[in-house]
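Colleague: So that we are looking at the same thing, I have put the structure below in structure tokens.
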Amino acid sequence: MSASQDDSHKAGDRPGRRLGERYELIEQIGSGGMAIVWRAVTHGAEGFRLPVAIKRIDPTLRGYPEVSMMFVEEARVGTVLRHPNIVQIHDFGVDEDGEQYLVTEWVDGLELGQWVTSFTRARLETPWPELVAIAIEVLRALDSAHSRLDAKGQPSPILHRDVTPPNVLIDVSGVVKLADFGMARAMDRGRFTRPNIIKGKLSYLAPEMVLGEAPTVESDLFSLGIVMWEALAMARLFDAPTDADVVQMVRDAAIPMLGLKRPNLPLGLTTTVHRALEKDPKRRYRSAREMLRALTAVLRVLPDPLDSPVLARSVADARARLGAR
């Protein structure tokens, strides 16, 4: 058992515990940043049960007002986004001990990183058409958030700033969901920094962001470009022993050519990924919709449409490969 799991049980969270008398914790499925995630089930009238995910503040961070504010901000941001490719927030509450919990929809499937790992372990290349189809769905989510209007009809974009493999979820039905949309703005608002919160995120930031500039549409697209480059190359892009070294790599933004690593990739695909990864934001795609159109054109060379059933089969096969290991 990891330290975070042990702390979670000491704090009272355990399989079978109910939060708010409705949400039963089933098993802890992940931890990282400032949160621990549980698979849970909602209990309603007449035996109604609904699978959900429950996010809890890591016990080691409880008691910090800034973290609590960030958690509340994440919930607030998530509730204003309604899109089929964005993980939806169902509820936000406080348990009998005064500790907060966030209830989101349950995505039964794999993280993108797990999907890629299933091919790596089997010594297979990731199928580029499926990866492109996944990226297109992520771009639909980003476009919805970037083009959001407020109640008065005025532009009020929400930027993700944490487009990373763990936040790209592929459901067993083949539906792609982008998670943790509210976390980036929550961290900006909270102005709270701890190494274990930002660990792993530096290598997915745009060059201008490590220089202290504000996030933009283009910086979100740069992050997606990193995710795509890594999934296709099956290697890390900005990987170094220390955070300082990673930051320097991100600043330099020296991107190895995908076409040299995988010569069989379509030119349109490698061109799209490298444009998203331009060091100068002005040379990148200016909107998620523009990048989406470019990737859609790449898929037109396929004889058959690449739809949700194809991705569903891919998830099932990936699960089988991971299970076999």
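Residues are referred to by chain and number: the chain letter is A, B, ... according to the order shown in the structure tokens, the number counts from 1 in that chain, and ligands are numbered separately from 1 in the order shown.
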Give me the residues within 7 Å of Ser223 of chain A as a list in words, counting only C-alpha atoms and dropping any in the same chain fewer than 6 places off.
Modeller: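 With the cut-off at 7 Å, the set is Val163, Tyr204, Leu205 and Ala206 of chain A.
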Colleague: Write out the residues from the selection above, keeping N, CA and C atoms, as a PDB file, in the first residue's frame.
Modeller:
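Writing done, so here's selection-v7.pdb:
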ATOM      1  N   VAL A 163      -3.462  19.569 -20.430  1.00  0.00           N
ATOM      2  CA  VAL A 163      -3.762  18.520 -21.409  1.00  0.00           C
ATOM      3  C   VAL A 163      -2.614  17.519 -21.367  1.00  0.00           C
ATOM      4  N   TYR A 204       4.590  19.017 -20.104  1.00  0.00           N
ATOM      5  CA  TYR A 204       3.481  19.201 -21.045  1.00  0.00           C
ATOM      6  C   TYR A 204       3.088  20.674 -21.178  1.00  0.00           C
ATOM      7  N   LEU A 205       3.949  21.567 -20.699  1.00  0.00           N
ATOM      8  CA  LEU A 205       3.674  22.993 -20.810  1.00  0.00           C
ATOM      9  C   LEU A 205       4.269  23.560 -22.093  1.00  0.00           C
ATOM     10  N   ALA A 206       3.674  24.645 -22.581  1.00  0.00           N
ATOM     11  CA  ALA A 206       4.207  25.359 -23.736  1.00  0.00           C
ATOM     12  C   ALA A 206       5.392  26.210 -23.302  1.00  0.00           C
TER      13      ALA A 206
END
Colleague: Taking the DSSP secondary structure from the backbone, can you list the residues of segment 19-268 of chain A that are helix (DSSP H, G or I), as a PDB file with C-alpha atoms, in the first residue's frame?
Modeller:
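File selection_7.pdb, as written:
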ATOM      1  CA  ALA A  45     -34.553   5.464  -4.242  1.00  0.00           C
ATOM      2  CA  GLU A  46     -35.923   2.051  -5.221  1.00  0.00           C
ATOM      3  CA  GLY A  47     -32.472   0.519  -5.437  1.00  0.00           C
ATOM      4  CA  PRO A  59      -4.975  13.941   3.296  1.00  0.00           C
ATOM      5  CA  THR A  60      -1.435  15.370   3.340  1.00  0.00           C
ATOM      6  CA  LEU A  61      -2.846  18.641   1.937  1.00  0.00           C
ATOM      7  CA  PRO A  65      -7.106  26.956   2.954  1.00  0.00           C
ATOM      8  CA  GLU A  66      -5.528  27.533  -0.459  1.00  0.00           C
ATOM      9  CA  VAL A  67      -6.046  23.892  -1.440  1.00  0.00           C
ATOM     10  CA  SER A  68      -9.675  23.984  -0.321  1.00  0.00           C
ATOM     11  CA  MET A  69     -10.213  27.124  -2.408  1.00  0.00           C
ATOM     12  CA  MET A  70      -8.653  25.407  -5.415  1.00  0.00           C
ATOM     13  CA  PHE A  71     -10.938  22.399  -4.973  1.00  0.00           C
ATOM     14  CA  VAL A  72     -14.015  24.637  -4.843  1.00  0.00           C
ATOM     15  CA  GLU A  73     -12.816  26.528  -7.913  1.00  0.00           C
ATOM     16  CA  GLU A  74     -12.360  23.273  -9.809  1.00  0.00           C
ATOM     17  CA  ALA A  75     -15.966  22.360  -9.047  1.00  0.00           C
ATOM     18  CA  ARG A  76     -17.236  25.780 -10.136  1.00  0.00           C
ATOM     19  CA  VAL A  77     -15.366  25.729 -13.422  1.00  0.00           C
ATOM     20  CA  GLY A  78     -16.474  22.184 -14.191  1.00  0.00           C
ATOM     21  CA  THR A  79     -20.146  22.959 -13.736  1.00  0.00           C
ATOM     22  CA  LEU A 112      -4.501   7.553 -23.055  1.00  0.00           C
ATOM     23  CA  GLY A 113      -1.200   6.704 -21.381  1.00  0.00           C
ATOM     24  CA  GLN A 114      -2.479   3.211 -20.571  1.00  0.00           C
ATOM     25  CA  TRP A 115      -3.702   2.789 -24.146  1.00  0.00           C
ATOM     26  CA  VAL A 116      -0.222   3.677 -25.468  1.00  0.00           C
ATOM     27  CA  THR A 117       1.476   1.423 -22.903  1.00  0.00           C
ATOM     28  CA  SER A 118      -0.571  -1.545 -24.114  1.00  0.00           C
ATOM     29  CA  PHE A 119       1.084  -1.216 -27.536  1.00  0.00           C
ATOM     30  CA  THR A 120       4.540  -0.575 -26.098  1.00  0.00           C
ATOM     31  CA  ARG A 121       4.425  -3.731 -24.005  1.00  0.00           C
ATOM     32  CA  TRP A 128      -2.070   6.482 -36.042  1.00  0.00           C
ATOM     33  CA  PRO A 129      -5.681   6.565 -37.341  1.00  0.00           C
ATOM     34  CA  GLU A 130      -7.050   5.754 -33.896  1.00  0.00           C
ATOM     35  CA  LEU A 131      -4.757   8.284 -32.241  1.00  0.00           C
ATOM     36  CA  VAL A 132      -5.946  10.951 -34.678  1.00  0.00           C
ATOM     37  CA  ALA A 133      -9.581  10.065 -33.943  1.00  0.00           C
ATOM     38  CA  ILE A 134      -8.892  10.431 -30.210  1.00  0.00           C
ATOM     39  CA  ALA A 135      -7.181  13.796 -30.735  1.00  0.00           C
ATOM     40  CA  ILE A 136     -10.132  15.056 -32.790  1.00  0.00           C
ATOM     41  CA  GLU A 137     -12.477  14.357 -29.871  1.00  0.00           C
ATOM     42  CA  VAL A 138     -10.112  16.127 -27.478  1.00  0.00           C
ATOM     43  CA  LEU A 139     -10.140  19.118 -29.826  1.00  0.00           C
ATOM     44  CA  ARG A 140     -13.950  19.139 -29.783  1.00  0.00           C
ATOM     45  CA  ALA A 141     -13.766  19.447 -25.998  1.00  0.00           C
ATOM     46  CA  LEU A 142     -11.163  22.208 -26.176  1.00  0.00           C
ATOM     47  CA  ASP A 143     -13.107  24.094 -28.843  1.00  0.00           C
ATOM     48  CA  SER A 144     -16.230  24.037 -26.681  1.00  0.00           C
ATOM     49  CA  ALA A 145     -14.324  25.465 -23.699  1.00  0.00           C
ATOM     50  CA  HIS A 146     -12.253  27.960 -25.676  1.00  0.00           C
ATOM     51  CA  PRO A 165      -2.245  11.652 -21.087  1.00  0.00           C
ATOM     52  CA  PRO A 166      -3.921  10.950 -17.700  1.00  0.00           C
ATOM     53  CA  ASN A 167      -6.584  13.550 -18.502  1.00  0.00           C
ATOM     54  CA  MET A 183      -7.839  22.325 -12.215  1.00  0.00           C
ATOM     55  CA  ALA A 184      -5.711  24.781 -14.191  1.00  0.00           C
ATOM     56  CA  ARG A 185      -7.747  27.847 -13.293  1.00  0.00           C
ATOM     57  CA  ALA A 186      -8.053  26.567  -9.749  1.00  0.00           C
ATOM     58  CA  MET A 187      -4.273  26.463  -9.416  1.00  0.00           C
ATOM     59  CA  ASP A 188      -3.991  29.948 -10.928  1.00  0.00           C
ATOM     60  CA  ARG A 189      -6.532  31.305  -8.471  1.00  0.00           C
ATOM     61  CA  GLY A 190      -5.051  29.492  -5.490  1.00  0.00           C
ATOM     62  CA  PRO A 195       6.299  19.954  -5.779  1.00  0.00           C
ATOM     63  CA  ASN A 196       3.906  16.992  -5.674  1.00  0.00           C
ATOM     64  CA  ILE A 197       1.124  19.070  -7.241  1.00  0.00           C
ATOM     65  CA  ILE A 198       3.067  20.183 -10.298  1.00  0.00           C
ATOM     66  CA  LEU A 202       6.085  20.630 -16.516  1.00  0.00           C
ATOM     67  CA  SER A 203       6.882  18.401 -19.487  1.00  0.00           C
ATOM     68  CA  TYR A 204       3.481  19.201 -21.045  1.00  0.00           C
ATOM     69  CA  PRO A 207       7.518  27.282 -23.862  1.00  0.00           C
ATOM     70  CA  GLU A 208       5.881  30.629 -23.104  1.00  0.00           C
ATOM     71  CA  MET A 209       4.241  29.231 -19.981  1.00  0.00           C
ATOM     72  CA  VAL A 210       7.478  28.175 -18.326  1.00  0.00           C
ATOM     73  CA  VAL A 217      -5.573  28.709 -26.722  1.00  0.00           C
ATOM     74  CA  GLU A 218      -2.238  28.145 -28.427  1.00  0.00           C
ATOM     75  CA  SER A 219      -0.640  26.823 -25.235  1.00  0.00           C
ATOM     76  CA  ASP A 220      -3.420  24.239 -24.856  1.00  0.00           C
ATOM     77  CA  LEU A 221      -2.814  23.143 -28.459  1.00  0.00           C
ATOM     78  CA  PHE A 222       0.942  22.894 -27.820  1.00  0.00           C
ATOM     79  CA  SER A 223       0.193  20.532 -24.926  1.00  0.00           C
ATOM     80  CA  LEU A 224      -2.002  18.396 -27.160  1.00  0.00           C
ATOM     81  CA  GLY A 225       0.806  18.394 -29.716  1.00  0.00           C
ATOM     82  CA  ILE A 226       3.139  16.947 -27.063  1.00  0.00           C
ATOM     83  CA  VAL A 227       0.578  14.265 -26.197  1.00  0.00           C
ATOM     84  CA  MET A 228       0.220  13.317 -29.871  1.00  0.00           C
ATOM     85  CA  TRP A 229       3.977  13.370 -30.550  1.00  0.00           C
ATOM     86  CA  GLU A 230       4.643  11.079 -27.590  1.00  0.00           C
ATOM     87  CA  ALA A 231       1.826   8.667 -28.480  1.00  0.00           C
ATOM     88  CA  LEU A 232       3.076   8.360 -32.064  1.00  0.00           C
ATOM     89  CA  ALA A 233       6.799   8.242 -31.260  1.00  0.00           C
ATOM     90  CA  ASP A 243      12.729  19.867 -13.236  1.00  0.00           C
ATOM     91  CA  ALA A 244      15.257  22.552 -14.167  1.00  0.00           C
ATOM     92  CA  ASP A 245      16.458  20.439 -17.097  1.00  0.00           C
ATOM     93  CA  VAL A 246      12.865  19.815 -18.203  1.00  0.00           C
ATOM     94  CA  VAL A 247      12.125  23.543 -18.098  1.00  0.00           C
ATOM     95  CA  GLN A 248      15.167  24.236 -20.265  1.00  0.00           C
ATOM     96  CA  MET A 249      14.069  21.615 -22.789  1.00  0.00           C
ATOM     97  CA  VAL A 250      10.590  23.129 -22.926  1.00  0.00           C
ATOM     98  CA  ARG A 251      12.047  26.618 -23.416  1.00  0.00           C
ATOM     99  CA  ASP A 252      14.235  25.408 -26.281  1.00  0.00           C
ATOM    100  CA  LEU A 258       8.213  12.515 -36.255  1.00  0.00           C
ATOM    101  CA  GLY A 259       8.758  11.446 -39.845  1.00  0.00           C
ATOM    102  CA  LEU A 260      12.238  10.205 -38.948  1.00  0.00           C
ATOM    103  CA  LYS A 261      10.951   8.151 -36.025  1.00  0.00           C
ATOM    104  CA  LEU A 267       2.792  13.770 -44.145  1.00  0.00           C
ATOM    105  CA  GLY A 268      -0.418  15.614 -43.249  1.00  0.00           C
TER     106      GLY A 268
END
Colleague: Would you mind reading off the distance between atom CA of Glu21 of chain A and atom CA of Thr104 of chain A, one decimal, in Å?
Modeller: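 Computed distance, atom CA of Glu21 of chain A to atom CA of Thr104 of chain A, equals 16.6 Å.
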Colleague: Between atom CA of Ala53 of chain A and atom CA of Thr216 of chain A, what is the spacing in Å?
Modeller: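 Distance between the two atoms: 28.9 Å.
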Colleague: Just asking: which residues within segment 11-203 of chain A are strand (DSSP E or B) according to DSSP, as an MDAnalysis selection string?
Modeller: chainID A and resid 18:19 23:32 35:43 49:57 86 89:94 100:105 109:111 149 155 168:171 176:178
Colleague: Between A:Arg283, A:Lys177, A:Arg319, A:Lys201, single out the one closest to Phe238 of chain A, counting only C-alpha atoms.
Modeller: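 Ranking A:Arg283, A:Lys177, A:Arg319, A:Lys201 by distance to Phe238 of chain A, first place goes to A:Lys201.
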Colleague: Could you give me, as a Markdown table, every segment 229-276 of chain A residue with an atom at most 12 Å from segment 284-291 of chain A, plus its closest atom pair and distance in Å to one decimal, counting only C-alpha atoms, rows ordered by chain then number?
Modeller:
| residue | atom | partner | partner_atom | distance |
| --- | --- | --- | --- | --- |
| A:Gly268 | CA | A:Met291 | CA | 11.5 |
| A:Leu269 | CA | A:Met291 | CA | 10.7 |
| A:Thr271 | CA | A:Met291 | CA | 10.9 |
| A:Thr272 | CA | A:Met291 | CA | 7.3 |
| A:Val273 | CA | A:Met291 | CA | 9.1 |
| A:His274 | CA | A:Arg284 | CA | 8.7 |
| A:Arg275 | CA | A:Arg284 | CA | 5.3 |
| A:Ala276 | CA | A:Arg284 | CA | 5.0 |
Colleague: Let's have the selection written as a CSV table (one decimal), in the first residue's frame, with C-alpha atoms.
Modeller:
chain,number,residue,atom,x,y,z
A,268,GLY,CA,-0.4,15.6,-43.2
A,269,LEU,CA,-0.3,14.1,-39.7
A,271,THR,CA,2.8,18.4,-40.4
A,272,THR,CA,-0.2,19.0,-38.2
A,273,VAL,CA,1.6,17.8,-35.0
A,274,HIS,CA,4.7,19.9,-35.7
A,275,ARG,CA,2.6,23.0,-36.4
A,276,ALA,CA,1.0,22.6,-33.0
Colleague: For atom CA of Gly93 of chain A and atom CA of Arg18 of chain A, quote the distance in Å rounded to one decimal.
Modeller: 12.3 Å
